file start_6.cif (mmCIF, C-alpha atoms and all ligand atoms)
data_protein
loop_
_atom_site.label_atom_id
_atom_site.label_comp_id
_atom_site.auth_asym_id
_atom_site.auth_seq_id
_atom_site.Cartn_x
_atom_site.Cartn_y
_atom_site.Cartn_z
CA MET A 1 -4.75 33.45 144.84
CA PRO A 2 -7.04 30.72 146.22
CA GLU A 3 -6.96 32.53 149.57
CA GLU A 4 -8.45 35.57 147.81
CA PHE A 5 -11.51 33.41 147.17
CA GLY A 6 -11.73 31.99 150.70
CA LEU A 7 -10.00 28.74 149.73
CA GLU A 8 -6.91 27.02 151.11
CA SER A 9 -3.54 27.99 149.67
CA GLY A 10 -2.86 25.81 146.61
CA ALA A 11 -6.55 24.84 146.32
CA PHE A 12 -6.59 25.38 142.57
CA PRO A 13 -3.72 24.87 140.13
CA THR A 14 -1.95 27.74 138.38
CA PRO A 15 -3.55 26.94 134.97
CA ILE A 16 -6.85 28.13 136.49
CA LEU A 17 -5.18 31.48 137.09
CA VAL A 18 -4.10 31.53 133.43
CA ALA A 19 -7.75 31.04 132.46
CA ALA A 20 -8.86 33.82 134.83
CA LEU A 21 -6.35 36.28 133.33
CA LYS A 22 -7.49 35.38 129.79
CA GLU A 23 -11.07 35.95 130.94
CA LEU A 24 -10.02 39.42 132.08
CA GLY A 25 -8.86 40.13 128.53
CA PHE A 26 -5.10 39.50 128.47
CA ASP A 27 -3.96 38.09 125.08
CA LEU A 28 -0.97 36.18 126.45
CA VAL A 29 -0.25 34.92 129.96
CA LEU A 30 3.40 34.12 130.68
CA ASP A 31 4.93 32.27 133.63
CA THR A 32 7.20 34.48 135.74
CA ASN A 33 9.00 31.28 136.74
CA THR A 34 10.48 31.21 133.23
CA ALA A 35 12.12 34.55 133.99
CA ALA A 36 13.21 33.25 137.38
CA ASP A 37 14.97 30.43 135.50
CA LEU A 38 16.76 33.01 133.37
CA THR A 39 17.74 34.99 136.47
CA ILE A 40 19.25 31.87 137.99
CA MET A 41 21.36 31.10 134.96
CA GLU A 42 22.65 34.66 134.84
CA GLU A 43 23.19 34.88 138.61
CA GLY A 44 24.80 31.43 138.81
CA THR A 45 27.22 32.35 136.04
CA GLU A 46 28.00 35.65 137.75
CA LEU A 47 28.76 33.80 140.98
CA LEU A 48 31.24 31.58 139.17
CA HIS A 49 32.95 34.63 137.61
CA ARG A 50 33.20 36.23 141.04
CA LEU A 51 34.62 33.06 142.60
CA GLN A 52 37.29 33.06 139.90
CA ALA A 53 38.02 36.79 140.40
CA ARG A 54 38.45 36.24 144.15
CA GLN A 55 41.07 33.58 143.55
CA GLU A 56 43.06 36.12 141.56
CA ARG A 57 42.46 39.06 143.92
CA PRO A 58 41.20 38.11 147.39
CA THR A 59 39.74 41.05 149.37
CA PRO A 60 38.26 40.52 152.86
CA PHE A 61 34.58 41.59 153.05
CA GLY A 62 34.07 45.17 154.15
CA GLN A 63 37.78 46.02 154.30
CA GLY A 64 39.12 48.59 151.88
CA ASP A 65 38.34 48.96 148.18
CA PRO A 66 36.23 45.95 147.14
CA GLY A 67 37.40 46.29 143.52
CA HIS A 68 35.44 44.62 140.72
CA ASP A 69 33.11 41.67 141.29
CA PRO A 70 33.88 41.29 145.03
CA MET A 71 32.70 38.44 147.24
CA PRO A 72 30.44 37.48 148.84
CA MET A 73 27.74 38.03 146.25
CA PHE A 74 24.28 39.08 147.42
CA THR A 75 21.08 38.41 145.47
CA SER A 76 19.42 41.37 143.75
CA CYS A 77 15.82 40.37 142.96
CA CYS A 78 14.10 41.88 146.03
CA PRO A 79 13.38 45.63 145.70
CA GLY A 80 12.86 45.89 149.47
CA TRP A 81 16.43 44.70 149.97
CA MET A 82 17.69 46.97 147.18
CA ALA A 83 16.10 50.01 148.85
CA PHE A 84 17.78 48.99 152.12
CA VAL A 85 21.18 48.80 150.42
CA GLU A 86 20.73 52.19 148.74
CA LYS A 87 19.57 53.96 151.90
CA SER A 88 21.39 52.18 154.73
CA GLU A 89 24.31 50.16 153.34
CA PRO A 90 25.46 51.84 150.07
CA ASP A 91 28.95 50.36 150.50
CA LEU A 92 27.42 46.94 149.84
CA ALA A 93 26.35 47.89 146.30
CA PRO A 94 29.40 46.30 144.56
CA TYR A 95 28.63 43.02 146.32
CA VAL A 96 25.08 42.84 144.94
CA SER A 97 24.52 40.74 141.82
CA THR A 98 24.16 42.75 138.61
CA CYS A 99 21.20 40.59 137.51
CA MET A 100 17.81 42.19 137.01
CA SER A 101 14.84 40.72 138.84
CA PRO A 102 12.70 38.15 136.97
CA GLN A 103 9.93 40.60 136.05
CA ILE A 104 12.39 43.16 134.64
CA MET A 105 14.46 40.50 132.86
CA TYR A 106 11.36 39.04 131.18
CA GLY A 107 10.05 42.48 130.24
CA SER A 108 13.39 43.57 128.77
CA LEU A 109 13.60 40.43 126.62
CA LEU A 110 10.02 40.67 125.42
CA LYS A 111 10.35 44.31 124.43
CA GLU A 112 13.76 43.80 122.80
CA TYR A 113 12.56 40.88 120.65
CA SER A 114 8.85 41.67 120.52
CA GLU A 115 8.67 41.78 116.69
CA GLU A 116 10.32 38.38 116.40
CA MET A 117 8.64 36.69 119.36
CA LEU A 118 5.21 38.28 119.43
CA GLY A 119 4.83 39.79 115.96
CA PHE A 120 4.30 43.32 117.31
CA PRO A 121 6.64 46.28 117.82
CA ALA A 122 7.50 46.97 121.48
CA GLU A 123 5.35 50.14 121.50
CA GLN A 124 2.28 47.96 120.95
CA VAL A 125 3.05 45.49 123.74
CA TYR A 126 1.66 46.34 127.18
CA LEU A 127 3.06 44.11 129.89
CA THR A 128 1.42 43.82 133.31
CA SER A 129 3.11 41.87 136.11
CA VAL A 130 1.10 40.18 138.82
CA MET A 131 3.32 40.24 141.89
CA PRO A 132 3.14 39.39 145.60
CA CYS A 133 4.99 42.61 146.29
CA VAL A 134 4.05 46.26 146.84
CA ARG A 135 7.57 47.36 145.88
CA LYS A 136 7.64 45.79 142.42
CA ARG A 137 5.74 48.74 140.99
CA GLY A 138 8.45 51.13 142.20
CA GLU A 139 11.05 48.80 140.71
CA SER A 140 9.34 48.87 137.30
CA ASP A 141 9.16 52.71 137.47
CA ARG A 142 12.95 53.07 137.65
CA HIS A 143 14.53 54.92 134.72
CA ALA A 144 17.17 52.23 134.39
CA PHE A 145 14.44 49.87 133.20
CA GLU A 146 13.20 52.13 130.41
CA HIS A 147 14.91 52.55 127.04
CA ASP A 148 13.89 55.06 124.36
CA GLY A 149 10.64 55.64 126.20
CA ILE A 150 9.79 51.93 126.33
CA ARG A 151 9.41 50.41 129.76
CA ALA A 152 10.43 46.82 130.46
CA VAL A 153 7.25 46.38 132.53
CA ASP A 154 4.33 48.74 131.94
CA ASN A 155 2.22 48.02 134.98
CA VAL A 156 2.33 45.99 138.19
CA ILE A 157 -0.64 44.77 140.19
CA THR A 158 -0.49 42.72 143.37
CA THR A 159 -2.15 39.36 143.99
CA LYS A 160 -4.63 41.19 146.25
CA ASP A 161 -5.39 43.66 143.41
CA LEU A 162 -5.98 40.76 141.04
CA GLY A 163 -8.35 39.04 143.45
CA MET A 164 -10.31 42.29 143.80
CA LEU A 165 -10.43 42.78 140.03
CA LEU A 166 -11.65 39.24 139.38
CA ARG A 167 -14.38 39.54 142.01
CA PHE A 168 -15.41 42.95 140.62
CA LYS A 169 -15.76 41.39 137.16
CA GLY A 170 -17.67 38.39 138.55
CA ILE A 171 -14.98 35.92 137.48
CA HIS A 172 -14.66 32.96 139.86
CA PRO A 173 -11.87 30.41 139.38
CA ALA A 174 -14.25 27.53 140.21
CA ASP A 175 -16.16 28.27 136.98
CA LEU A 176 -13.09 28.06 134.74
CA LEU A 177 -11.26 25.29 132.90
CA PRO A 178 -7.46 25.23 133.20
CA GLN A 179 -5.43 26.75 130.36
CA LYS A 180 -1.74 26.44 129.48
CA PHE A 181 0.70 29.30 129.85
CA ASP A 182 1.82 31.00 126.65
CA SER A 183 5.52 31.10 125.90
CA PRO A 184 7.22 33.44 123.45
CA PHE A 185 10.21 31.08 123.42
CA GLN A 186 8.46 27.83 122.58
CA MET A 187 4.91 28.24 121.34
CA ASP A 188 4.17 24.50 121.33
CA GLY A 189 5.37 23.82 124.92
CA ASP A 190 3.47 24.18 128.18
CA GLY A 191 5.08 27.59 128.82
CA LYS A 192 5.93 26.70 132.41
CA GLY A 193 9.11 27.55 134.23
CA SER A 194 11.02 24.98 136.28
CA GLY A 195 10.37 23.87 139.83
CA ALA A 196 13.49 25.79 140.82
CA GLY A 197 11.96 28.99 139.41
CA GLN A 198 8.85 28.25 141.46
CA LEU A 199 10.95 28.25 144.64
CA PHE A 200 11.75 31.96 144.20
CA GLY A 201 8.53 32.66 146.07
CA ALA A 202 9.90 31.33 149.36
CA THR A 203 12.85 32.27 151.53
CA GLY A 204 15.84 30.12 150.52
CA GLY A 205 14.33 29.40 147.11
CA VAL A 206 16.70 31.55 145.05
CA MET A 207 19.63 29.92 146.81
CA GLU A 208 18.28 26.41 146.27
CA ALA A 209 17.63 27.12 142.59
CA ALA A 210 21.07 28.67 142.08
CA VAL A 211 22.88 25.78 143.74
CA ARG A 212 21.17 23.25 141.42
CA THR A 213 22.48 25.08 138.37
CA VAL A 214 25.90 26.12 139.68
CA TYR A 215 26.67 22.58 140.87
CA GLU A 216 25.95 21.08 137.47
CA ILE A 217 27.86 23.76 135.52
CA VAL A 218 30.95 23.28 137.71
CA THR A 219 30.97 19.51 138.17
CA GLY A 220 29.23 18.41 134.95
CA SER A 221 26.83 16.21 136.91
CA GLU A 222 23.46 16.65 138.60
CA LEU A 223 23.34 17.71 142.24
CA PRO A 224 22.89 14.40 144.12
CA ARG A 225 20.33 15.93 146.52
CA LEU A 226 18.06 18.48 144.79
CA GLU A 227 16.36 19.62 147.99
CA LEU A 228 18.66 21.73 150.12
CA ASP A 229 16.96 21.20 153.49
CA GLU A 230 19.38 23.49 155.34
CA VAL A 231 17.94 26.60 153.63
CA ARG A 232 14.28 25.50 153.79
CA GLY A 233 11.79 26.68 156.43
CA LEU A 234 10.91 30.03 157.97
CA GLU A 235 13.90 30.62 160.23
CA GLY A 236 15.24 34.20 159.92
CA VAL A 237 18.79 33.21 158.98
CA LYS A 238 19.84 29.86 157.52
CA GLU A 239 23.17 28.63 156.21
CA ALA A 240 24.68 25.69 154.37
CA THR A 241 28.05 24.54 153.09
CA LEU A 242 28.37 22.64 149.82
CA VAL A 243 31.36 20.96 148.25
CA LEU A 244 31.47 21.06 144.46
CA ASP A 245 33.66 18.23 143.27
CA SER A 246 34.12 15.82 140.37
CA ASP A 247 36.84 13.57 138.93
CA GLU A 248 37.52 16.16 136.23
CA MET A 249 38.14 19.02 138.69
CA GLU A 250 41.68 19.78 139.88
CA SER A 251 40.45 20.59 143.38
CA PRO A 252 37.03 20.82 145.06
CA ILE A 253 35.29 24.16 145.60
CA THR A 254 33.64 24.81 148.95
CA LEU A 255 30.59 27.07 148.69
CA ARG A 256 29.33 28.69 151.90
CA VAL A 257 25.85 30.15 151.55
CA ALA A 258 23.47 32.08 153.80
CA VAL A 259 19.80 33.02 153.50
CA ALA A 260 18.15 35.87 155.43
CA ASN A 261 14.52 36.98 155.44
CA GLY A 262 13.01 39.97 157.23
CA LEU A 263 15.09 43.17 157.42
CA GLY A 264 15.82 42.82 161.16
CA ASN A 265 17.50 39.47 160.50
CA VAL A 266 19.32 40.93 157.50
CA LYS A 267 20.77 43.78 159.61
CA ASN A 268 22.04 41.32 162.24
CA LEU A 269 23.59 39.09 159.59
CA ILE A 270 25.41 41.97 157.90
CA ALA A 271 26.75 43.19 161.26
CA LYS A 272 28.18 39.71 161.93
CA MET A 273 29.68 39.53 158.44
CA LYS A 274 31.32 42.93 158.86
CA ALA A 275 32.72 41.90 162.23
CA GLY A 276 34.26 38.84 160.57
CA GLU A 277 32.25 36.47 162.79
CA VAL A 278 30.81 34.63 159.76
CA GLN A 279 32.00 34.23 156.17
CA TYR A 280 29.95 33.34 153.11
CA ASP A 281 30.28 33.20 149.34
CA PHE A 282 26.66 33.77 148.36
CA VAL A 283 23.89 35.40 150.39
CA GLU A 284 20.19 35.46 149.53
CA VAL A 285 18.22 38.33 151.03
CA MET A 286 14.43 38.79 151.05
CA ALA A 287 12.98 41.79 152.89
CA CYS A 288 9.67 40.16 153.83
CA PRO A 289 9.34 37.49 156.52
CA GLY A 290 9.21 34.14 154.73
CA GLY A 291 10.16 35.78 151.40
CA CYS A 292 7.57 36.70 148.76
CA ILE A 293 4.98 34.30 150.22
CA GLY A 294 4.79 36.92 153.01
CA GLY A 295 4.88 39.92 150.63
CA GLY A 296 2.84 43.06 151.30
CA GLY A 297 0.77 42.47 148.16
CA GLN A 298 -0.46 39.06 149.32
CA PRO A 299 -3.74 38.35 151.10
CA LYS A 300 -3.41 38.86 154.87
CA GLY A 301 -4.05 35.20 155.59
CA GLU A 302 -4.39 33.23 158.81
CA LYS A 303 -1.75 32.67 161.49
CA ASP A 304 -0.32 29.61 159.77
CA SER A 305 -0.60 30.98 156.21
CA LEU A 306 3.16 31.21 155.68
CA ASP A 307 3.63 27.54 156.61
CA LYS A 308 0.87 26.52 154.22
CA ARG A 309 2.16 28.69 151.37
CA LEU A 310 5.66 27.35 151.93
CA LYS A 311 4.39 23.79 151.63
CA VAL A 312 2.60 24.68 148.38
CA MET A 313 5.87 26.07 146.97
CA TYR A 314 7.78 22.91 147.87
CA ASP A 315 5.01 20.68 146.46
CA LEU A 316 4.96 22.62 143.18
CA ASP A 317 8.73 22.20 142.86
CA ARG A 318 8.64 18.51 143.76
CA THR A 319 5.92 17.74 141.20
CA SER A 320 7.38 19.86 138.37
CA VAL A 321 8.38 18.05 135.19
CA SER A 322 11.64 19.98 135.20
CA ARG A 323 13.28 21.09 138.44
CA GLN A 324 16.40 22.70 137.01
CA PRO A 325 16.52 26.02 135.14
CA HIS A 326 19.40 24.99 132.86
CA ARG A 327 17.39 22.02 131.57
CA GLN A 328 14.40 24.08 130.44
CA ASP A 329 13.78 23.48 126.74
CA ASN A 330 11.75 26.65 126.41
CA LEU A 331 14.81 28.74 127.17
CA ARG A 332 17.00 27.33 124.39
CA LYS A 333 16.14 30.10 121.96
CA VAL A 334 16.85 32.89 124.33
CA LEU A 335 20.07 31.39 125.69
CA GLY A 336 21.65 31.74 122.28
CA ARG A 337 21.15 35.49 122.58
CA THR A 338 22.64 36.03 126.02
CA ARG A 339 26.18 35.79 127.27
CA TRP A 340 25.31 32.55 129.10
CA ARG A 341 26.44 29.39 127.35
CA GLU A 342 25.96 25.86 128.56
CA GLY A 343 29.13 24.61 130.20
CA SER A 344 30.78 28.03 130.45
FE1 LIG A 401 8.80 42.06 147.37
FE2 LIG A 401 8.92 41.15 149.85
FE3 LIG A 401 9.38 39.49 147.78
FE4 LIG A 401 11.15 41.39 148.44
S1 LIG A 401 10.56 39.60 149.69
S2 LIG A 401 10.43 40.88 146.36
S3 LIG A 401 9.84 43.07 149.10
S4 LIG A 401 7.46 40.49 148.27
#
call {"tool": "encode", "arguments": {"input": "start_6.cif", "output": "structure tokens"}}
result
Amino acid sequence: MPEEFGLESGAFPTPILVAALKELGFDLVLDTNTAADLTIMEEGTELLHRLQARQERPTPFGQGDPGHDPMPMFTSCCPGWMAFVEKSEPDLAPYVSTCMSPQIMYGSLLKEYSEEMLGFPAEQVYLTSVMPCVRKRGESDRHAFEHDGIRAVDNVITTKDLGMLLRFKGIHPADLLPQKFDSPFQMDGDGKGSGAGQLFGATGGVMEAAVRTVYEIVTGSELPRLELDEVRGLEGVKEATLVLDSDEMESPITLRVAVANGLGNVKNLIAKMKAGEVQYDFVEVMACPGGCIGGGGQPKGEKDSLDKRLKVMYDLDRTSVSRQPHRQDNLRKVLGRTRWREGS
């Protein structure tokens, strides 16, 4: 957003954006990173279920009937990648995580519990997402994300749209005082998601966030090294191998992960996986180069914009009070309602 106002990426903190959205007339401003935290807990748990299922029924990737919950598992939060699977690689559908993307997950929860959380029936709640992505609107239009005529997300605007709207209304971030996010889960907190949720904006971020949570669920202790350098940076395909181990575990689990960004790189990676040249357990895919920081809804930017945006993402994670989704206090209420349970 700072780039929309001719400033350097990261030039003003996110609470300024909260103030700008309030100035535009929104009653509540929620942090999408909170929903990214939820996505990670769901996706991490799903990965563990799939790892268990593979032990009972191993099926080589791309050979024969994949059965239920096959491996490797692919991420599902990028609609550009989802469109690619539907049109070009439909056989991969069973391998894609069943988790909704953060914006749809947040919208579904808000509308389901709107009376309790917001004090209004779902029909009276109008939810607009601000996204870096031109495909998120199409995602929100899907019938699967509408129940009894109520959409999970009512409208999507891009970061470029928001910049244009603010300028049109004469609202400049430099004139505003920072405001805290609202949170329907914990009204007295700061409403912010974790640093791991923040990382969703960059290639490798979903993987890094997932590993932090999965490691702790499996081993019962914190990941010794929170920053997974192997999946950081703008390279088209990255990979890492992690060993999950603790004194309480009968035997260690080796987790092989890959991260691909940009559809050309994704196609090459899938071809190698199908040929059996590489094997993974969990694969993160983002259609845009660099991930959402390079999304079609973002300002065009300078030549080195992606590097700068990437650095901002990493700084925001590093300086976050909480860097792990499963330790977020503001999710306690909602966790009691989902199938996810701590330690399961
Ligand atoms: Fe949208 Fe691109 Fe991000 Fe995928 S990587 S969610 S297409 S901005």
call {"tool": "residues_around", "arguments": {"input": "start_6.cif", "residues": "Leu7 (chain A)", "least_positions_apart": "3", "cutoff": "12 Å", "atoms": "all atoms listed in the file", "output": "count of residues only"}}
result
15
call {"tool": "residues_around", "arguments": {"input": "start_6.cif", "residues": "Val283 (chain A)", "least_positions_apart": "5", "cutoff": "6 Å", "atoms": "all atoms listed in the file", "output": "mmCIF file with C-alpha atoms, in the frame of the given file"}}
result
data_model
loop_
_atom_site.group_PDB
_atom_site.id
_atom_site.type_symbol
_atom_site.label_atom_id
_atom_site.label_comp_id
_atom_site.auth_asym_id
_atom_site.auth_seq_id
_atom_site.Cartn_x
_atom_site.Cartn_y
_atom_site.Cartn_z
ATOM 1 C CA PHE A 74 24.280 39.080 147.420
ATOM 2 C CA VAL A 257 25.850 30.150 151.550
ATOM 3 C CA ALA A 258 23.470 32.080 153.800
ATOM 4 C CA VAL A 259 19.800 33.020 153.500
#
call {"tool": "residues_near_ligand", "arguments": {"input": "start_6.cif", "ligand": "ligand LIG 401 (chain A)", "cutoff": "8 Å", "atoms": "all atoms listed in the file", "output": "CSV table (one decimal) with C-alpha atoms, keeping the file's coordinate frame"}}
result
chain,number,residue,atom,x,y,z
A,77,CYS,CA,15.8,40.4,143.0
A,78,CYS,CA,14.1,41.9,146.0
A,79,PRO,CA,13.4,45.6,145.7
A,80,GLY,CA,12.9,45.9,149.5
A,81,TRP,CA,16.4,44.7,150.0
A,131,MET,CA,3.3,40.2,141.9
A,132,PRO,CA,3.1,39.4,145.6
A,133,CYS,CA,5.0,42.6,146.3
A,134,VAL,CA,4.0,46.3,146.8
A,135,ARG,CA,7.6,47.4,145.9
A,136,LYS,CA,7.6,45.8,142.4
A,201,GLY,CA,8.5,32.7,146.1
A,203,THR,CA,12.8,32.3,151.5
A,261,ASN,CA,14.5,37.0,155.4
A,262,GLY,CA,13.0,40.0,157.2
A,285,VAL,CA,18.2,38.3,151.0
A,286,MET,CA,14.4,38.8,151.0
A,287,ALA,CA,13.0,41.8,152.9
A,288,CYS,CA,9.7,40.2,153.8
A,289,PRO,CA,9.3,37.5,156.5
A,290,GLY,CA,9.2,34.1,154.7
A,291,GLY,CA,10.2,35.8,151.4
A,292,CYS,CA,7.6,36.7,148.8
A,293,ILE,CA,5.0,34.3,150.2
A,294,GLY,CA,4.8,36.9,153.0
A,295,GLY,CA,4.9,39.9,150.6
A,296,GLY,CA,2.8,43.1,151.3
A,297,GLY,CA,0.8,42.5,148.2
call {"tool": "closest_residue", "arguments": {"input": "start_6.cif", "among": "A:Thr128, A:Lys180, A:Ser108, A:Arg137", "to": "Leu162 (chain A)", "atoms": "all atoms listed in the file"}}
result
A:Thr128
call {"tool": "residues_around", "arguments": {"input": "start_6.cif", "residues": "region 46-55 of chain A", "least_positions_apart": "3", "cutoff": "6 Å", "atoms": "all atoms listed in the file", "output": "number ranges by chain"}}
result
A: 43, 58, 69
call {"tool": "residues_near_point", "arguments": {"input": "start_6.cif", "point": "(37.2, 44.6, 152.1)", "cutoff": "12 Å", "atoms": "only C-alpha atoms", "output": "compact mmCIF listing (two decimals) with C-alpha atoms, in the frame of the given file"}}
result
# COMPACT_ATOMS: atom_id res chain seq x y z
CA ARG A 54 38.45 36.24 144.15
CA ARG A 57 42.46 39.06 143.92
CA PRO A 58 41.20 38.11 147.39
CA THR A 59 39.74 41.05 149.37
CA PRO A 60 38.26 40.52 152.86
CA PHE A 61 34.58 41.59 153.05
CA GLY A 62 34.07 45.17 154.15
CA GLN A 63 37.78 46.02 154.30
CA GLY A 64 39.12 48.59 151.88
CA ASP A 65 38.34 48.96 148.18
CA PRO A 66 36.23 45.95 147.14
CA GLY A 67 37.40 46.29 143.52
CA HIS A 68 35.44 44.62 140.72
CA ASP A 69 33.11 41.67 141.29
CA PRO A 70 33.88 41.29 145.03
CA MET A 71 32.70 38.44 147.24
CA PRO A 72 30.44 37.48 148.84
CA ASP A 91 28.95 50.36 150.50
CA LEU A 92 27.42 46.94 149.84
CA PRO A 94 29.40 46.30 144.56
CA TYR A 95 28.63 43.02 146.32
CA MET A 273 29.68 39.53 158.44
CA LYS A 274 31.32 42.93 158.86
CA ALA A 275 32.72 41.90 162.23
CA GLY A 276 34.26 38.84 160.57
call {"tool": "closest_residue", "arguments": {"input": "start_6.cif", "among": "A:Ser101, A:Thr45, A:Thr34, A:Gln279", "to": "Tyr215 (chain A)", "atoms": "all atoms listed in the file"}}
result
A:Thr45
call {"tool": "build_atoms", "arguments": {"input": "start_6.cif", "residues": "region 278-291 of chain A", "atoms": "N, CA and C atoms", "output": "PDB file, in the frame of the given file"}}
result
ATOM      1  N   VAL A 278      31.264  35.666 160.713  1.00  0.00           N
ATOM      2  CA  VAL A 278      30.810  34.630 159.760  1.00  0.00           C
ATOM      3  C   VAL A 278      31.296  34.993 158.361  1.00  0.00           C
ATOM      4  N   GLN A 279      31.561  33.990 157.553  1.00  0.00           N
ATOM      5  CA  GLN A 279      32.000  34.230 156.170  1.00  0.00           C
ATOM      6  C   GLN A 279      31.154  33.399 155.209  1.00  0.00           C
ATOM      7  N   TYR A 280      30.748  34.042 154.121  1.00  0.00           N
ATOM      8  CA  TYR A 280      29.950  33.340 153.110  1.00  0.00           C
ATOM      9  C   TYR A 280      30.436  33.716 151.717  1.00  0.00           C
ATOM     10  N   ASP A 281      29.998  32.898 150.741  1.00  0.00           N
ATOM     11  CA  ASP A 281      30.280  33.200 149.340  1.00  0.00           C
ATOM     12  C   ASP A 281      29.060  33.779 148.626  1.00  0.00           C
ATOM     13  N   PHE A 282      27.886  33.356 149.043  1.00  0.00           N
ATOM     14  CA  PHE A 282      26.660  33.770 148.360  1.00  0.00           C
ATOM     15  C   PHE A 282      25.578  33.942 149.415  1.00  0.00           C
ATOM     16  N   VAL A 283      24.905  35.100 149.376  1.00  0.00           N
ATOM     17  CA  VAL A 283      23.890  35.400 150.390  1.00  0.00           C
ATOM     18  C   VAL A 283      22.588  35.805 149.710  1.00  0.00           C
ATOM     19  N   GLU A 284      21.526  35.096 150.041  1.00  0.00           N
ATOM     20  CA  GLU A 284      20.190  35.460 149.530  1.00  0.00           C
ATOM     21  C   GLU A 284      19.488  36.323 150.566  1.00  0.00           C
ATOM     22  N   VAL A 285      18.939  37.451 150.109  1.00  0.00           N
ATOM     23  CA  VAL A 285      18.220  38.330 151.030  1.00  0.00           C
ATOM     24  C   VAL A 285      16.814  38.610 150.502  1.00  0.00           C
ATOM     25  N   MET A 286      15.826  38.426 151.358  1.00  0.00           N
ATOM     26  CA  MET A 286      14.430  38.790 151.050  1.00  0.00           C
ATOM     27  C   MET A 286      13.937  39.680 152.198  1.00  0.00           C
ATOM     28  N   ALA A 287      13.374  40.831 151.853  1.00  0.00           N
ATOM     29  CA  ALA A 287      12.980  41.790 152.890  1.00  0.00           C
ATOM     30  C   ALA A 287      11.783  41.315 153.711  1.00  0.00           C
ATOM     31  N   CYS A 288      10.893  40.561 153.108  1.00  0.00           N
ATOM     32  CA  CYS A 288       9.670  40.160 153.830  1.00  0.00           C
ATOM     33  C   CYS A 288       9.879  38.864 154.619  1.00  0.00           C
ATOM     34  N   PRO A 289       9.241  38.746 155.759  1.00  0.00           N
ATOM     35  CA  PRO A 289       9.340  37.490 156.520  1.00  0.00           C
ATOM     36  C   PRO A 289       8.810  36.320 155.685  1.00  0.00           C
ATOM     37  N   GLY A 290       9.616  35.291 155.538  1.00  0.00           N
ATOM     38  CA  GLY A 290       9.210  34.140 154.730  1.00  0.00           C
ATOM     39  C   GLY A 290       9.490  34.310 153.243  1.00  0.00           C
ATOM     40  N   GLY A 291       9.959  35.512 152.837  1.00  0.00           N
ATOM     41  CA  GLY A 291      10.160  35.780 151.400  1.00  0.00           C
ATOM     42  C   GLY A 291       8.866  36.282 150.776  1.00  0.00           C
TER      43      GLY A 291
END
